[in-house]
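For reference, structure-v3.cif is printed below; it contains mmCIF, C-alpha atoms.
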```cif
data_run
#
loop_
_atom_site.group_PDB
_atom_site.id
_atom_site.type_symbol
_atom_site.label_atom_id
_atom_site.label_comp_id
_atom_site.auth_asym_id
_atom_site.auth_seq_id
_atom_site.Cartn_x
_atom_site.Cartn_y
_atom_site.Cartn_z
ATOM 1 C CA MET A 1 0.000 0.000 0.000
ATOM 2 C CA SER A 2 1.157 3.527 -0.749
ATOM 3 C CA ARG A 3 -0.292 6.936 0.145
ATOM 4 C CA VAL A 4 -0.491 9.535 -2.624
ATOM 5 C CA ALA A 5 -1.819 13.065 -3.005
ATOM 6 C CA ALA A 6 -3.468 14.365 -6.182
ATOM 7 C CA ILE A 7 -4.429 17.984 -6.871
ATOM 8 C CA ASP A 8 -6.645 18.984 -9.775
ATOM 9 C CA CYS A 9 -6.574 22.726 -10.426
ATOM 10 C CA GLY A 10 -9.231 23.728 -12.922
ATOM 11 C CA THR A 11 -10.865 26.936 -14.049
ATOM 12 C CA ASN A 12 -13.433 27.078 -11.237
ATOM 13 C CA SER A 13 -12.168 24.840 -8.435
ATOM 14 C CA ILE A 14 -9.065 23.292 -6.941
ATOM 15 C CA ARG A 15 -9.465 19.821 -5.455
ATOM 16 C CA LEU A 16 -7.317 17.572 -3.304
ATOM 17 C CA LEU A 17 -7.404 13.795 -2.917
ATOM 18 C CA ILE A 18 -5.150 12.035 -0.444
ATOM 19 C CA ALA A 19 -5.667 8.314 -0.860
ATOM 20 C CA ASP A 20 -4.183 4.956 -0.008
ATOM 21 C CA VAL A 21 -3.529 2.882 -3.110
ATOM 22 C CA VAL A 22 -3.828 -0.881 -2.908
ATOM 23 C CA THR A 23 -3.019 -3.132 -5.853
ATOM 24 C CA PRO A 24 -4.413 -6.633 -5.346
ATOM 25 C CA VAL A 25 -2.558 -9.412 -7.144
ATOM 26 C CA GLY A 26 -3.845 -9.629 -10.694
ATOM 27 C CA SER A 27 -6.144 -6.607 -10.297
ATOM 28 C CA ALA A 28 -6.071 -2.904 -11.059
ATOM 29 C CA PRO A 29 -5.091 -0.441 -8.305
ATOM 30 C CA LYS A 30 -7.888 0.743 -5.997
ATOM 31 C CA LEU A 31 -8.110 3.983 -4.028
ATOM 32 C CA THR A 32 -9.272 4.413 -0.434
ATOM 33 C CA ASP A 33 -9.957 8.049 0.390
ATOM 34 C CA VAL A 34 -8.121 9.642 3.301
ATOM 35 C CA VAL A 35 -8.964 13.269 2.468
ATOM 36 C CA ARG A 36 -11.100 14.622 -0.388
ATOM 37 C CA GLU A 37 -11.569 18.404 -0.494
ATOM 38 C CA MET A 38 -12.803 21.002 -2.969
ATOM 39 C CA ARG A 39 -12.464 24.795 -2.936
ATOM 40 C CA VAL A 40 -14.050 27.090 -5.494
ATOM 41 C CA VAL A 41 -11.295 29.633 -6.236
ATOM 42 C CA ARG A 42 -12.242 30.713 -9.776
ATOM 43 C CA LEU A 43 -8.629 30.696 -11.021
ATOM 44 C CA GLY A 44 -9.963 31.279 -14.542
ATOM 45 C CA GLN A 45 -11.689 34.546 -13.604
ATOM 46 C CA GLY A 46 -11.494 36.757 -16.696
ATOM 47 C CA VAL A 47 -8.945 34.571 -18.508
ATOM 48 C CA ASP A 48 -11.221 34.056 -21.531
ATOM 49 C CA ALA A 49 -11.338 37.832 -22.086
ATOM 50 C CA THR A 50 -7.858 38.936 -20.972
ATOM 51 C CA GLY A 51 -5.656 35.898 -21.543
ATOM 52 C CA GLU A 52 -4.129 36.377 -18.078
ATOM 53 C CA PHE A 53 -4.721 35.357 -14.478
ATOM 54 C CA ALA A 54 -6.137 38.104 -12.258
ATOM 55 C CA GLN A 55 -4.062 38.754 -9.140
ATOM 56 C CA ASP A 56 -6.937 38.075 -6.754
ATOM 57 C CA ALA A 57 -7.626 34.755 -8.496
ATOM 58 C CA LEU A 58 -3.972 33.791 -8.103
ATOM 59 C CA ASP A 59 -4.078 34.783 -4.431
ATOM 60 C CA ARG A 60 -7.172 32.660 -3.750
ATOM 61 C CA THR A 61 -5.723 29.624 -5.508
ATOM 62 C CA LEU A 62 -2.309 29.810 -3.868
ATOM 63 C CA GLU A 63 -3.947 30.211 -0.457
ATOM 64 C CA ALA A 64 -5.864 26.975 -1.071
ATOM 65 C CA THR A 65 -2.661 25.313 -2.280
ATOM 66 C CA ARG A 66 -0.939 26.353 0.946
ATOM 67 C CA ASP A 67 -3.712 24.705 2.971
ATOM 68 C CA TYR A 68 -3.506 21.567 0.831
ATOM 69 C CA ALA A 69 0.267 21.403 1.324
ATOM 70 C CA GLU A 70 -0.276 21.341 5.101
ATOM 71 C CA LEU A 71 -2.845 18.538 4.781
ATOM 72 C CA ILE A 72 -0.460 16.523 2.598
ATOM 73 C CA ARG A 73 2.323 16.902 5.166
ATOM 74 C CA ARG A 74 -0.017 16.062 8.042
ATOM 75 C CA HIS A 75 -1.261 12.859 6.400
ATOM 76 C CA GLY A 76 2.137 11.715 5.154
ATOM 77 C CA ALA A 77 1.511 11.298 1.437
ATOM 78 C CA GLY A 78 4.656 9.950 -0.172
ATOM 79 C CA GLN A 79 4.037 11.096 -3.744
ATOM 80 C CA VAL A 80 2.281 14.248 -4.935
ATOM 81 C CA ARG A 81 1.050 15.230 -8.374
ATOM 82 C CA PHE A 82 -0.391 18.687 -9.106
ATOM 83 C CA VAL A 83 -2.219 19.006 -12.411
ATOM 84 C CA ALA A 84 -3.482 22.282 -13.907
ATOM 85 C CA THR A 85 -5.889 22.340 -16.823
ATOM 86 C CA SER A 86 -7.858 24.739 -19.031
ATOM 87 C CA ALA A 87 -7.347 28.157 -17.425
ATOM 88 C CA THR A 88 -3.621 27.576 -16.898
ATOM 89 C CA ARG A 89 -3.221 26.401 -20.490
ATOM 90 C CA ASP A 90 -4.734 29.707 -21.637
ATOM 91 C CA ALA A 91 -3.009 32.185 -19.291
ATOM 92 C CA ARG A 92 0.053 34.061 -20.577
ATOM 93 C CA ASN A 93 1.268 34.671 -17.026
ATOM 94 C CA ARG A 94 1.010 31.028 -15.978
ATOM 95 C CA GLN A 95 4.662 30.967 -14.881
ATOM 96 C CA VAL A 96 3.850 33.135 -11.845
ATOM 97 C CA PHE A 97 1.321 30.507 -10.777
ATOM 98 C CA ILE A 98 3.640 27.585 -11.505
ATOM 99 C CA ASP A 99 6.436 29.168 -9.462
ATOM 100 C CA GLY A 100 4.065 29.810 -6.553
ATOM 101 C CA VAL A 101 2.813 26.229 -6.498
ATOM 102 C CA ARG A 102 6.339 24.829 -6.681
ATOM 103 C CA GLU A 103 7.408 26.939 -3.706
ATOM 104 C CA LEU A 104 4.440 25.820 -1.605
ATOM 105 C CA LEU A 105 4.351 22.114 -2.507
ATOM 106 C CA GLY A 106 7.927 21.304 -3.440
ATOM 107 C CA VAL A 107 6.784 19.565 -6.629
ATOM 108 C CA GLU A 108 6.622 20.782 -10.203
ATOM 109 C CA PRO A 109 3.019 21.504 -11.226
ATOM 110 C CA GLU A 110 2.047 20.055 -14.594
ATOM 111 C CA VAL A 111 0.042 22.012 -17.160
ATOM 112 C CA ILE A 112 -1.455 19.110 -19.066
ATOM 113 C CA SER A 113 -2.950 19.014 -22.541
ATOM 114 C CA GLY A 114 -6.642 18.593 -23.179
ATOM 115 C CA ASP A 115 -6.020 15.069 -24.458
ATOM 116 C CA GLU A 116 -4.237 14.048 -21.265
ATOM 117 C CA GLU A 117 -6.997 15.677 -19.218
ATOM 118 C CA ALA A 118 -9.519 13.549 -21.087
ATOM 119 C CA ALA A 119 -7.545 10.338 -20.547
ATOM 120 C CA LEU A 120 -7.201 10.992 -16.809
ATOM 121 C CA SER A 121 -10.931 11.706 -16.525
ATOM 122 C CA PHE A 122 -11.726 8.425 -18.269
ATOM 123 C CA ALA A 123 -9.336 6.521 -15.998
ATOM 124 C CA GLY A 124 -10.885 8.028 -12.878
ATOM 125 C CA ALA A 125 -14.492 7.425 -13.908
ATOM 126 C CA SER A 126 -13.921 3.894 -15.200
ATOM 127 C CA SER A 127 -11.984 2.857 -12.082
ATOM 128 C CA VAL A 128 -15.166 2.774 -9.974
ATOM 129 C CA LEU A 129 -17.838 1.758 -12.484
ATOM 130 C CA PRO A 130 -18.696 -1.729 -13.768
ATOM 131 C CA SER A 131 -16.823 -2.611 -16.930
ATOM 132 C CA ARG A 132 -18.841 -2.838 -20.138
ATOM 133 C CA GLY A 133 -16.127 -4.924 -21.756
ATOM 134 C CA LYS A 134 -15.505 -4.061 -25.383
ATOM 135 C CA ASP A 135 -18.615 -1.857 -25.614
ATOM 136 C CA PRO A 136 -17.349 1.729 -25.977
ATOM 137 C CA VAL A 137 -18.581 4.291 -23.447
ATOM 138 C CA LEU A 138 -18.340 8.065 -23.736
ATOM 139 C CA VAL A 139 -17.130 9.965 -20.675
ATOM 140 C CA VAL A 140 -17.788 13.717 -20.771
ATOM 141 C CA ASP A 141 -15.960 15.935 -18.269
ATOM 142 C CA LEU A 142 -17.756 19.305 -18.151
ATOM 143 C CA GLY A 143 -15.389 21.774 -16.523
ATOM 144 C CA GLY A 144 -15.139 25.499 -16.007
ATOM 145 C CA GLY A 145 -13.050 26.336 -19.045
ATOM 146 C CA SER A 146 -13.167 23.225 -21.193
ATOM 147 C CA THR A 147 -15.140 20.051 -21.800
ATOM 148 C CA GLU A 148 -13.490 16.725 -22.573
ATOM 149 C CA PHE A 149 -15.048 13.984 -24.687
ATOM 150 C CA VAL A 150 -13.375 10.599 -24.355
ATOM 151 C CA LEU A 151 -14.527 7.320 -25.868
ATOM 152 C CA GLY A 152 -13.044 4.171 -24.404
ATOM 153 C CA ASP A 153 -13.563 0.566 -23.380
ATOM 154 C CA GLN A 154 -11.966 -1.948 -21.019
ATOM 155 C CA ASP A 155 -8.651 -1.575 -22.856
ATOM 156 C CA GLY A 156 -8.503 2.207 -22.415
ATOM 157 C CA VAL A 157 -9.019 5.316 -24.513
ATOM 158 C CA ILE A 158 -10.135 4.946 -28.131
ATOM 159 C CA ALA A 159 -10.378 8.655 -28.979
ATOM 160 C CA ALA A 160 -10.412 11.915 -27.019
ATOM 161 C CA LYS A 161 -10.886 15.623 -27.653
ATOM 162 C CA SER A 162 -10.921 18.686 -25.392
ATOM 163 C CA VAL A 163 -12.878 21.766 -26.510
ATOM 164 C CA ASP A 164 -12.932 25.249 -24.990
ATOM 165 C CA VAL A 165 -16.463 25.423 -23.655
ATOM 166 C CA GLY A 166 -17.217 25.251 -19.951
ATOM 167 C CA CYS A 167 -19.469 26.791 -17.338
ATOM 168 C CA VAL A 168 -17.178 29.697 -16.428
ATOM 169 C CA ARG A 169 -16.157 30.475 -20.000
ATOM 170 C CA MET A 170 -19.753 30.415 -21.309
ATOM 171 C CA THR A 171 -21.011 32.523 -18.399
ATOM 172 C CA GLU A 172 -18.373 35.201 -18.908
ATOM 173 C CA ARG A 173 -18.649 35.139 -22.683
ATOM 174 C CA HIS A 174 -22.427 35.000 -23.124
ATOM 175 C CA LEU A 175 -24.744 34.594 -20.112
ATOM 176 C CA VAL A 176 -24.174 37.963 -18.461
ATOM 177 C CA ASP A 177 -27.763 38.891 -17.523
ATOM 178 C CA ASN A 178 -29.730 37.514 -14.573
ATOM 179 C CA PRO A 179 -31.472 35.441 -15.862
ATOM 180 C CA PRO A 180 -29.851 35.303 -19.319
ATOM 181 C CA THR A 181 -31.779 36.611 -22.308
ATOM 182 C CA ALA A 182 -32.974 34.445 -25.197
ATOM 183 C CA GLU A 183 -30.339 36.065 -27.414
ATOM 184 C CA GLN A 184 -27.549 35.252 -24.944
ATOM 185 C CA ILE A 185 -28.728 31.649 -24.670
ATOM 186 C CA ALA A 186 -28.853 31.307 -28.462
ATOM 187 C CA ALA A 187 -25.305 32.677 -28.813
ATOM 188 C CA ALA A 188 -23.998 30.306 -26.144
ATOM 189 C CA GLU A 189 -25.751 27.333 -27.750
ATOM 190 C CA ALA A 190 -24.190 28.161 -31.110
ATOM 191 C CA ASP A 191 -20.766 28.254 -29.439
ATOM 192 C CA VAL A 192 -21.357 24.922 -27.700
ATOM 193 C CA ASP A 193 -22.787 23.235 -30.798
ATOM 194 C CA ALA A 194 -19.722 24.252 -32.819
ATOM 195 C CA ALA A 195 -17.454 22.855 -30.111
ATOM 196 C CA ILE A 196 -19.300 19.523 -30.002
ATOM 197 C CA SER A 197 -18.975 19.309 -33.777
ATOM 198 C CA ARG A 198 -15.212 19.855 -33.434
ATOM 199 C CA ALA A 199 -15.053 17.070 -30.861
ATOM 200 C CA ALA A 200 -17.060 14.779 -33.149
ATOM 201 C CA GLN A 201 -14.412 15.116 -35.860
ATOM 202 C CA THR A 202 -12.010 13.236 -33.571
ATOM 203 C CA VAL A 203 -14.312 11.210 -31.323
ATOM 204 C CA PRO A 204 -16.857 8.910 -33.060
ATOM 205 C CA LEU A 205 -19.830 9.790 -30.886
ATOM 206 C CA ASP A 206 -22.076 7.355 -32.753
ATOM 207 C CA ARG A 207 -20.049 4.384 -31.429
ATOM 208 C CA ALA A 208 -20.920 5.092 -27.798
ATOM 209 C CA THR A 209 -23.100 2.492 -26.088
ATOM 210 C CA ALA A 210 -23.385 4.464 -22.838
ATOM 211 C CA LEU A 211 -22.861 8.024 -21.627
ATOM 212 C CA ILE A 212 -21.164 9.020 -18.363
ATOM 213 C CA GLY A 213 -20.962 12.582 -17.050
ATOM 214 C CA VAL A 214 -18.396 13.797 -14.525
ATOM 215 C CA ALA A 215 -17.328 16.988 -12.695
ATOM 216 C CA GLY A 216 -19.145 19.558 -10.603
ATOM 217 C CA SER A 217 -21.626 20.926 -13.126
ATOM 218 C CA VAL A 218 -22.881 17.439 -13.976
ATOM 219 C CA THR A 219 -23.094 16.283 -10.367
ATOM 220 C CA THR A 220 -24.940 19.466 -9.366
ATOM 221 C CA ILE A 221 -27.409 19.067 -12.241
ATOM 222 C CA THR A 222 -27.970 15.487 -11.082
ATOM 223 C CA ALA A 223 -28.620 16.705 -7.540
ATOM 224 C CA HIS A 224 -31.240 19.080 -8.983
ATOM 225 C CA ALA A 225 -32.855 16.311 -11.033
ATOM 226 C CA LEU A 226 -33.019 14.163 -7.885
ATOM 227 C CA LYS A 227 -34.416 17.102 -5.843
ATOM 228 C CA LEU A 228 -31.916 16.416 -3.064
ATOM 229 C CA ALA A 229 -32.349 18.142 0.280
ATOM 230 C CA GLU A 230 -28.555 18.493 0.501
ATOM 231 C CA TYR A 231 -25.535 17.724 -1.658
ATOM 232 C CA SER A 232 -24.844 14.007 -1.185
ATOM 233 C CA PRO A 233 -22.050 12.343 -3.207
ATOM 234 C CA ALA A 234 -23.374 8.928 -2.152
ATOM 235 C CA ALA A 235 -26.823 9.706 -3.576
ATOM 236 C CA ILE A 236 -25.386 11.185 -6.775
ATOM 237 C CA HIS A 237 -22.647 8.707 -7.676
ATOM 238 C CA GLY A 238 -23.782 5.959 -10.000
ATOM 239 C CA THR A 239 -27.199 7.517 -10.583
ATOM 240 C CA GLU A 240 -28.633 6.761 -14.015
ATOM 241 C CA LEU A 241 -31.418 9.044 -15.254
ATOM 242 C CA ASP A 242 -33.289 9.282 -18.529
ATOM 243 C CA LEU A 243 -32.171 12.086 -20.826
ATOM 244 C CA ALA A 244 -35.490 13.942 -20.646
ATOM 245 C CA THR A 245 -35.293 14.240 -16.856
ATOM 246 C CA VAL A 246 -31.748 15.586 -16.968
ATOM 247 C CA ARG A 247 -32.558 18.013 -19.787
ATOM 248 C CA GLU A 248 -35.440 19.390 -17.721
ATOM 249 C CA ALA A 249 -33.082 19.922 -14.789
ATOM 250 C CA CYS A 250 -30.612 21.703 -17.087
ATOM 251 C CA THR A 251 -33.303 24.031 -18.448
ATOM 252 C CA SER A 252 -34.599 24.779 -14.965
ATOM 253 C CA LEU A 253 -31.158 25.862 -13.727
ATOM 254 C CA LEU A 254 -30.474 27.890 -16.873
ATOM 255 C CA GLU A 255 -33.721 29.850 -16.597
ATOM 256 C CA MET A 256 -33.567 30.506 -12.839
ATOM 257 C CA THR A 257 -32.283 33.731 -11.358
ATOM 258 C CA ARG A 258 -29.032 33.550 -9.413
ATOM 259 C CA GLU A 259 -31.011 34.215 -6.255
ATOM 260 C CA ASP A 260 -33.254 31.203 -6.868
ATOM 261 C CA ARG A 261 -30.250 28.981 -7.593
ATOM 262 C CA ALA A 262 -28.553 30.155 -4.400
ATOM 263 C CA ALA A 263 -31.602 29.049 -2.418
ATOM 264 C CA LEU A 264 -31.342 25.436 -3.617
ATOM 265 C CA PRO A 265 -30.234 23.294 -0.656
ATOM 266 C CA PHE A 266 -27.613 21.303 -2.579
ATOM 267 C CA MET A 267 -26.030 24.279 -4.379
ATOM 268 C CA HIS A 268 -22.415 25.147 -3.571
ATOM 269 C CA PRO A 269 -22.064 28.944 -3.322
ATOM 270 C CA GLY A 270 -19.182 28.880 -5.792
ATOM 271 C CA ARG A 271 -21.388 27.344 -8.493
ATOM 272 C CA VAL A 272 -24.397 29.656 -8.195
ATOM 273 C CA ASP A 273 -23.346 32.078 -10.926
ATOM 274 C CA VAL A 274 -22.053 29.485 -13.429
ATOM 275 C CA ILE A 275 -24.342 26.451 -13.088
ATOM 276 C CA GLY A 276 -26.828 27.897 -15.600
ATOM 277 C CA ALA A 277 -24.120 27.751 -18.252
ATOM 278 C CA GLY A 278 -23.218 24.259 -17.064
ATOM 279 C CA GLY A 279 -26.841 23.269 -17.641
ATOM 280 C CA LEU A 280 -26.783 24.779 -21.118
ATOM 281 C CA VAL A 281 -23.632 22.888 -22.113
ATOM 282 C CA TRP A 282 -24.847 19.590 -20.645
ATOM 283 C CA ARG A 283 -28.262 19.911 -22.303
ATOM 284 C CA ARG A 284 -26.661 20.376 -25.723
ATOM 285 C CA VAL A 285 -24.348 17.398 -25.157
ATOM 286 C CA LEU A 286 -27.283 15.157 -24.215
ATOM 287 C CA GLU A 287 -29.289 16.258 -27.237
ATOM 288 C CA ARG A 288 -26.334 15.696 -29.552
ATOM 289 C CA MET A 289 -25.671 12.221 -28.151
ATOM 290 C CA ALA A 290 -29.295 11.168 -28.593
ATOM 291 C CA ALA A 291 -29.126 12.288 -32.231
ATOM 292 C CA ALA A 292 -25.671 10.822 -32.916
ATOM 293 C CA THR A 293 -26.720 7.376 -31.675
ATOM 294 C CA ASP A 294 -30.143 7.422 -33.403
ATOM 295 C CA GLY A 295 -31.853 7.305 -30.032
ATOM 296 C CA ARG A 296 -29.916 4.278 -28.721
ATOM 297 C CA ILE A 297 -28.653 6.301 -25.773
ATOM 298 C CA THR A 298 -31.682 7.167 -23.662
ATOM 299 C CA SER A 299 -30.040 7.694 -20.266
ATOM 300 C CA VAL A 300 -26.923 9.142 -18.658
ATOM 301 C CA LEU A 301 -24.937 7.950 -15.664
ATOM 302 C CA THR A 302 -23.255 10.380 -13.246
ATOM 303 C CA SER A 303 -19.919 9.635 -11.594
ATOM 304 C CA GLU A 304 -18.470 11.485 -8.604
ATOM 305 C CA HIS A 305 -15.093 10.056 -9.569
ATOM 306 C CA ASP A 306 -13.184 11.759 -12.361
ATOM 307 C CA ILE A 307 -9.829 13.315 -13.252
ATOM 308 C CA LEU A 308 -8.869 13.672 -9.577
ATOM 309 C CA ASP A 309 -9.029 9.892 -9.135
ATOM 310 C CA GLY A 310 -7.237 9.462 -12.457
ATOM 311 C CA ILE A 311 -4.374 11.666 -11.213
ATOM 312 C CA ALA A 312 -4.071 9.646 -8.001
ATOM 313 C CA LEU A 313 -4.047 6.354 -9.911
ATOM 314 C CA SER A 314 -1.387 7.687 -12.299
ATOM 315 C CA ILE A 315 1.138 8.087 -9.481
ATOM 316 C CA SER A 316 0.360 4.824 -7.675
#
```

Written as structure tokens, how would this file's structure read?
Amino acid sequence: MSRVAAIDCGTNSIRLLIADVVTPVGSAPKLTDVVREMRVVRLGQGVDATGEFAQDALDRTLEATRDYAELIRRHGAGQVRFVATSATRDARNRQVFIDGVRELLGVEPEVISGDEEAALSFAGASSVLPSRGKDPVLVVDLGGGSTEFVLGDQDGVIAAKSVDVGCVRMTERHLVDNPPTAEQIAAAEADVDAAISRAAQTVPLDRATALIGVAGSVTTITAHALKLAEYSPAAIHGTELDLATVREACTSLLEMTREDRAALPFMHPGRVDVIGAGGLVWRRVLERMAAATDGRITSVLTSEHDILDGIALSIS
């Protein structure tokens, strides 16, 4: 057994997983959580418009990293991997952030490509779900700055593509009113549809036999569809819902005011202003998958395990 620490630093949140890794003879490694934390720091604040990290966003993220470094030391993780994704890929001043993380953690943070992000998301999601053998499944990781589409089976990734649409990016770019106007929604949908079409040039969406959604927007939409009285990972993970139910939840969140979203009992405060855009992106993905598979895919499964678990498994 070994103890590892994984940090996933995205556009909206930074997350930590400290886990014990056990590799049974003849089996794949398995994770047992020691610490799993999430902070909404909005590192990608304004990056879509300016191409740079804002100083207050850097300060928030490095403060969280400092707290995570203390937790890692306290729990004695032997290996640490820090992965940064969409916002850091886009920011011209990323070196300031990289230097700050290195000083706090003592490890070199990695700014990974969209393709590697997709592969890690697939590894994390598939590590805790029943295998479908050779039947390809599509894992979609809906983040703050980007969305990853990855088709794979029991042997690993078949095809993957990362596109620059996410809940923070679409909110800042299009959905600026409260609630958004019909014109803003139409512009965002056009942006998302074009991105899905770009993904489809690389990833054969029509081959998917099942659809799995991961990351905070998807899990929050699932909580809304389930009408949860509080956010419960145990209630959300592994839930399979028909597409119509999830689309209705997406539309509901998109059309609500921020004040109404904030009043929902399962809603994290850091997602209130961007979950409408998350619902818009997820709704378009579900509609596209139903069309691409000629109606074969009629449901979607939500996983609470994603790139963070994939990062931890990669260093085990």

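Remark: for Ser217 (chain A), the closest of the candidate residues A:Ala19, A:Cys167, A:Val4, A:Ile98 is A:Cys167 (distances computed over all atoms listed in the file).
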
With distances taken over all atoms listed in the file, which residue among A:Ala49, A:Val218, A:Ile315, A:Ala57 lies nearest Thr11 (chain A)? A:Ala57

Might you spell out which residues the PyMOL selection byres ((chain A and resi 194-196) around 8) would select in the displayed file, as a PyMOL selection string? chain A and resi 163-165+190-193+197-200+285

Give me, as a VMD selection string, all polymer residues having an atom no more than 8 Å from Leu62 (chain A), counting all atoms listed in the file and skipping those fewer than 3 positions away in the same chain. chain A and resid 58 to 59 65 to 66 97 100 to 101

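For the point (-29.2, 11.4, -17.9), the residues with an atom at a distance of at most 6 Å are Leu241, Asp242, Leu243, Val246, Ser299, Val300 and Leu301 of chain A, counting all atoms listed in the file.
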
Evaluated on this file, the PyMOL selection byres ((chain A and resi 148) around 12) picks out some residues - which ones are they, written as a VMD selection string? chain A and resid 85 to 86 113 to 122 138 to 147 149 to 151 159 to 166 195 to 196 198 to 200 202 to 203 212 to 215 281 to 282 285 306 to 307

Which of these, A:Ala249, A:Val168, A:Met1, A:Ile14, has the shortest distance to Ala277 (chain A) once you count all atoms listed in the file? A:Val168

Just want the 9 Å neighbourhood of Val21 (chain A), counted on all atoms listed in the file, with same-chain residues fewer than 2 positions away dropped. Output as a JSON list (two decimals) with C-alpha atoms, in the coordinates of the input.
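Result file is selection-v2.json:
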```json
[["chain", "number", "residue", "atom", "x", "y", "z"],
["A", 1, "MET", "CA", 0.00, 0.00, 0.00],
["A", 2, "SER", "CA", 1.16, 3.53, -0.75],
["A", 3, "ARG", "CA", -0.29, 6.94, 0.14],
["A", 4, "VAL", "CA", -0.49, 9.54, -2.62],
["A", 19, "ALA", "CA", -5.67, 8.31, -0.86],
["A", 23, "THR", "CA", -3.02, -3.13, -5.85],
["A", 29, "PRO", "CA", -5.09, -0.44, -8.30],
["A", 30, "LYS", "CA", -7.89, 0.74, -6.00],
["A", 31, "LEU", "CA", -8.11, 3.98, -4.03],
["A", 32, "THR", "CA", -9.27, 4.41, -0.43],
["A", 33, "ASP", "CA", -9.96, 8.05, 0.39],
["A", 312, "ALA", "CA", -4.07, 9.65, -8.00],
["A", 313, "LEU", "CA", -4.05, 6.35, -9.91],
["A", 316, "SER", "CA", 0.36, 4.82, -7.68]]
```

Residues in the PyMOL selection byres ((chain A and resi 34-38) around 10), expressed as number ranges by chain: A: 3-9, 13-20, 31-33, 39-41, 64, 68, 71-72, 75, 77, 308

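Counting from CA of Asp153 (chain A), the distance to CA of Ser126 (chain A) is 8.8 Å.
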
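Here the question is which of A:Val272, A:Ala208, A:Ile158, A:Val137 gets nearest to Arg258 (chain A) using only C-alpha atoms, and that residue is A:Val272.
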
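Minimum atom-to-atom distance to Asp260 (chain A), evaluated using all atoms listed in the file, belongs to A:Pro179 out of A:Pro179, A:Leu211, A:Leu43, A:His237.
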
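Taking CA of His305 (chain A) and CA of Gly106 (chain A) as endpoints, the distance between them is 26.3 Å.
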
Between CA of His268 (chain A) and CA of Glu255 (chain A), what is the spacing in Å? 17.9 Å

Residues within 7 Å of Val111 (chain A), only C-alpha atoms, excluding chain neighbours under 2 positions, as a ChimeraX atom specification: /A:83-85,88-89,109,113

Mind giving me the axis-aligned box for region 161-168 of chain A with 8 Å on every side, centre plus edges in Å to one decimal, as lines of an AutoDock Vina configuration file?
```
center_x = -15.2
center_y = 22.7
center_z = -22.0
size_x = 24.6
size_y = 30.1
size_z = 27.2
```

Test item: residues at most 12 Å from Met267 (chain A), all atoms listed in the file, excluding those fewer than 2 positions along its chain, as a JSON list (two decimals) with C-alpha atoms, keeping the file's coordinate frame:
```json
[["chain", "number", "residue", "atom", "x", "y", "z"],
["A", 216, "GLY", "CA", -19.14, 19.56, -10.60],
["A", 217, "SER", "CA", -21.63, 20.93, -13.13],
["A", 219, "THR", "CA", -23.09, 16.28, -10.37],
["A", 220, "THR", "CA", -24.94, 19.47, -9.37],
["A", 221, "ILE", "CA", -27.41, 19.07, -12.24],
["A", 222, "THR", "CA", -27.97, 15.49, -11.08],
["A", 223, "ALA", "CA", -28.62, 16.70, -7.54],
["A", 224, "HIS", "CA", -31.24, 19.08, -8.98],
["A", 227, "LYS", "CA", -34.42, 17.10, -5.84],
["A", 228, "LEU", "CA", -31.92, 16.42, -3.06],
["A", 229, "ALA", "CA", -32.35, 18.14, 0.28],
["A", 230, "GLU", "CA", -28.56, 18.49, 0.50],
["A", 231, "TYR", "CA", -25.54, 17.72, -1.66],
["A", 232, "SER", "CA", -24.84, 14.01, -1.18],
["A", 253, "LEU", "CA", -31.16, 25.86, -13.73],
["A", 258, "ARG", "CA", -29.03, 33.55, -9.41],
["A", 259, "GLU", "CA", -31.01, 34.22, -6.26],
["A", 260, "ASP", "CA", -33.25, 31.20, -6.87],
["A", 261, "ARG", "CA", -30.25, 28.98, -7.59],
["A", 262, "ALA", "CA", -28.55, 30.16, -4.40],
["A", 263, "ALA", "CA", -31.60, 29.05, -2.42],
["A", 264, "LEU", "CA", -31.34, 25.44, -3.62],
["A", 265, "PRO", "CA", -30.23, 23.29, -0.66],
["A", 269, "PRO", "CA", -22.06, 28.94, -3.32],
["A", 270, "GLY", "CA", -19.18, 28.88, -5.79],
["A", 271, "ARG", "CA", -21.39, 27.34, -8.49],
["A", 272, "VAL", "CA", -24.40, 29.66, -8.20],
["A", 273, "ASP", "CA", -23.35, 32.08, -10.93],
["A", 274, "VAL", "CA", -22.05, 29.48, -13.43],
["A", 275, "ILE", "CA", -24.34, 26.45, -13.09],
["A", 276, "GLY", "CA", -26.83, 27.90, -15.60]]
```
